[in-house]
file upload_7.cif (mmCIF, C-alpha atoms)
data_protein
#
loop_
_atom_site.group_PDB
_atom_site.id
_atom_site.type_symbol
_atom_site.label_atom_id
_atom_site.label_comp_id
_atom_site.auth_asym_id
_atom_site.auth_seq_id
_atom_site.Cartn_x
_atom_site.Cartn_y
_atom_site.Cartn_z
ATOM 1 C CA MET A 152 20.105 -22.611 9.614
ATOM 2 C CA PRO A 153 19.768 -19.947 6.970
ATOM 3 C CA ALA A 154 22.838 -17.996 5.993
ATOM 4 C CA LYS A 155 23.427 -14.722 7.779
ATOM 5 C CA GLY A 156 21.446 -11.898 6.225
ATOM 6 C CA THR A 157 18.849 -14.123 4.568
ATOM 7 C CA SER A 158 15.230 -14.627 5.449
ATOM 8 C CA LYS A 159 12.802 -17.493 5.056
ATOM 9 C CA GLN A 160 10.103 -15.057 3.933
ATOM 10 C CA SER A 161 9.671 -14.732 0.192
ATOM 11 C CA ASP A 162 9.775 -11.447 -1.674
ATOM 12 C CA ARG A 163 6.442 -10.050 -2.836
ATOM 13 C CA ASP A 164 5.514 -7.030 -4.884
ATOM 14 C CA CYS A 165 3.689 -4.143 -3.261
ATOM 15 C CA LEU A 166 0.173 -4.017 -4.710
ATOM 16 C CA VAL A 167 0.262 -0.214 -4.605
ATOM 17 C CA CYS A 168 3.619 0.863 -6.019
ATOM 18 C CA GLY A 169 5.285 -2.358 -7.203
ATOM 19 C CA GLU A 170 8.297 -2.196 -4.868
ATOM 20 C CA THR A 171 9.611 -5.415 -3.343
ATOM 21 C CA THR A 172 8.504 -6.215 0.206
ATOM 22 C CA ARG A 173 8.741 -9.190 2.532
ATOM 23 C CA ILE A 174 6.199 -8.190 5.136
ATOM 24 C CA ALA A 175 2.485 -7.518 4.672
ATOM 25 C CA HIS A 176 1.819 -4.086 6.139
ATOM 26 C CA LEU A 177 -1.790 -3.062 6.949
ATOM 27 C CA ASN A 178 -2.728 -6.747 6.428
ATOM 28 C CA ILE A 179 -2.220 -6.398 2.662
ATOM 29 C CA ASP A 180 0.842 -6.860 0.474
ATOM 30 C CA CYS A 181 2.099 -3.291 0.564
ATOM 31 C CA CYS A 182 5.551 -1.929 1.316
ATOM 32 C CA ARG A 183 6.447 0.042 4.392
ATOM 33 C CA ALA A 184 6.617 3.319 2.477
ATOM 34 C CA CYS A 185 3.018 2.952 1.272
ATOM 35 C CA ALA A 186 1.826 1.943 4.758
ATOM 36 C CA VAL A 187 3.489 4.985 6.330
ATOM 37 C CA PHE A 188 2.133 7.227 3.566
ATOM 38 C CA TYR A 189 -1.413 5.965 4.231
ATOM 39 C CA ARG A 190 -1.165 6.388 8.004
ATOM 40 C CA ARG A 191 0.132 9.943 7.685
ATOM 41 C CA SER A 192 -2.319 11.011 4.992
ATOM 42 C CA ARG A 193 -5.545 9.692 6.540
ATOM 43 C CA ARG A 194 -6.116 13.041 8.220
ATOM 44 C CA ARG A 195 -5.626 15.142 5.121
ATOM 45 C CA ASN A 196 -7.455 13.779 2.149
ATOM 46 C CA ASP A 197 -7.067 16.773 -0.160
ATOM 47 C CA PHE A 198 -4.775 15.306 -2.818
ATOM 48 C CA ILE A 199 -5.293 16.054 -6.510
ATOM 49 C CA CYS A 200 -4.565 13.524 -9.261
ATOM 50 C CA ARG A 201 -1.589 14.543 -11.426
ATOM 51 C CA SER A 202 -3.122 13.212 -14.640
ATOM 52 C CA SER A 203 -6.678 14.348 -13.817
ATOM 53 C CA SER A 204 -7.910 10.872 -14.778
ATOM 54 C CA GLY A 205 -7.867 9.307 -11.328
ATOM 55 C CA HIS A 206 -6.228 6.157 -12.711
ATOM 56 C CA CYS A 207 -2.460 6.600 -12.805
ATOM 57 C CA PRO A 208 -0.537 3.387 -13.637
ATOM 58 C CA ILE A 209 0.971 1.178 -10.948
ATOM 59 C CA GLY A 210 4.745 1.319 -10.940
ATOM 60 C CA ARG A 211 7.865 2.278 -9.095
ATOM 61 C CA GLY A 212 7.530 5.847 -10.308
ATOM 62 C CA LEU A 213 4.103 6.322 -8.747
ATOM 63 C CA ASN A 214 4.215 9.954 -7.723
ATOM 64 C CA CYS A 215 0.498 10.729 -7.784
ATOM 65 C CA LYS A 216 -0.546 10.940 -4.149
ATOM 66 C CA ARG A 217 -4.278 10.887 -4.933
ATOM 67 C CA CYS A 218 -4.064 7.607 -6.875
ATOM 68 C CA ARG A 219 -1.701 6.064 -4.327
ATOM 69 C CA TYR A 220 -4.066 6.929 -1.468
ATOM 70 C CA ASP A 221 -7.132 5.665 -3.369
ATOM 71 C CA ARG A 222 -5.379 2.423 -4.320
ATOM 72 C CA ILE A 223 -4.442 1.671 -0.691
ATOM 73 C CA LYS A 224 -7.948 2.533 0.492
ATOM 74 C CA SER A 225 -9.600 0.212 -2.054
ATOM 75 C CA LEU A 226 -7.207 -2.642 -1.181
ATOM 76 C CA LEU A 227 -8.010 -2.215 2.492
ATOM 77 C CA GLN A 228 -11.744 -2.291 1.792
ATOM 78 C CA ARG A 229 -11.344 -5.485 -0.240
ATOM 79 C CA SER A 230 -9.298 -7.147 2.504
ATOM 80 C CA ASP A 231 -11.865 -6.127 5.144
ATOM 81 C CA ALA A 232 -14.663 -7.609 3.027
ATOM 82 C CA ALA A 233 -12.682 -10.830 2.535
ATOM 83 C CA GLN A 234 -12.026 -11.118 6.262
ATOM 84 C CA LYS A 235 -15.738 -10.672 7.036
ATOM 85 C CA VAL A 236 -16.644 -13.440 4.564
ATOM 86 C CA ASN A 237 -14.091 -15.785 6.160
ATOM 87 C CA GLU A 238 -15.399 -15.226 9.691
#

call {"tool": "encode", "arguments": {"input": "upload_7.cif", "output": "structure tokens"}}
result
Amino acid sequence: MPAKGTSKQSDRDCLVCGETTRIAHLNIDCCRACAVFYRRSRRRNDFICRSSSGHCPIGRGLNCKRCRYDRIKSLLQRSDAAQKVNE
């Protein structure tokens, strides 16, 4: 038996913000915060990139909502395409 407070699941990095996560949310390796952000922001897609480049770096300090939303959306499209190939 594992010790109390430990899990058999291994830690992974969120592909969106780089935070540590143990569970794959939205069927991709993203943390709960990014999954909740995506679900809440699907209706309003009017974010503006902070750097005006549209390619803010991945990291724990990812504060650009536009780039965060776009990164999650592209990861979801890739995972959907991979699932269709595997079927």

call {"tool": "atom_distance", "arguments": {"input": "upload_7.cif", "atom1": "CA of Tyr189 (chain A)", "atom2": "CA of Lys216 (chain A)"}}
result
9.8 Å

call {"tool": "closest_residue", "arguments": {"input": "upload_7.cif", "among": "A:Arg222, A:Arg229, A:Arg183, A:His176", "to": "Gly205 (chain A)", "atoms": "only C-alpha atoms"}}
result
A:Arg222

call {"tool": "resolve_selection", "arguments": {"input": "upload_7.cif", "expression": "the PyMOL selection byres ((chain A and resi 223) around 12)", "output": "CSV table (one decimal) with C-alpha atoms, keeping the file's coordinate frame"}}
result
chain,number,residue,atom,x,y,z
A,165,CYS,CA,3.7,-4.1,-3.3
A,166,LEU,CA,0.2,-4.0,-4.7
A,167,VAL,CA,0.3,-0.2,-4.6
A,168,CYS,CA,3.6,0.9,-6.0
A,176,HIS,CA,1.8,-4.1,6.1
A,177,LEU,CA,-1.8,-3.1,6.9
A,178,ASN,CA,-2.7,-6.7,6.4
A,179,ILE,CA,-2.2,-6.4,2.7
A,180,ASP,CA,0.8,-6.9,0.5
A,181,CYS,CA,2.1,-3.3,0.6
A,182,CYS,CA,5.6,-1.9,1.3
A,184,ALA,CA,6.6,3.3,2.5
A,185,CYS,CA,3.0,3.0,1.3
A,186,ALA,CA,1.8,1.9,4.8
A,187,VAL,CA,3.5,5.0,6.3
A,188,PHE,CA,2.1,7.2,3.6
A,189,TYR,CA,-1.4,6.0,4.2
A,190,ARG,CA,-1.2,6.4,8.0
A,192,SER,CA,-2.3,11.0,5.0
A,193,ARG,CA,-5.5,9.7,6.5
A,209,ILE,CA,1.0,1.2,-10.9
A,216,LYS,CA,-0.5,10.9,-4.1
A,217,ARG,CA,-4.3,10.9,-4.9
A,218,CYS,CA,-4.1,7.6,-6.9
A,219,ARG,CA,-1.7,6.1,-4.3
A,220,TYR,CA,-4.1,6.9,-1.5
A,221,ASP,CA,-7.1,5.7,-3.4
A,222,ARG,CA,-5.4,2.4,-4.3
A,224,LYS,CA,-7.9,2.5,0.5
A,225,SER,CA,-9.6,0.2,-2.1
A,226,LEU,CA,-7.2,-2.6,-1.2
A,227,LEU,CA,-8.0,-2.2,2.5
A,228,GLN,CA,-11.7,-2.3,1.8
A,229,ARG,CA,-11.3,-5.5,-0.2
A,230,SER,CA,-9.3,-7.1,2.5

call {"tool": "resolve_selection", "arguments": {"input": "upload_7.cif", "expression": "the PyMOL selection byres ((chain A and resi 201) around 10)", "output": "PyMOL selection string"}}
result
chain A and resi 198-200+202-207+214-218

call {"tool": "resolve_selection", "arguments": {"input": "upload_7.cif", "expression": "the PyMOL selection byres ((chain A and resi 173) around 6)", "output": "PyMOL selection string"}}
result
chain A and resi 162-163+172+174
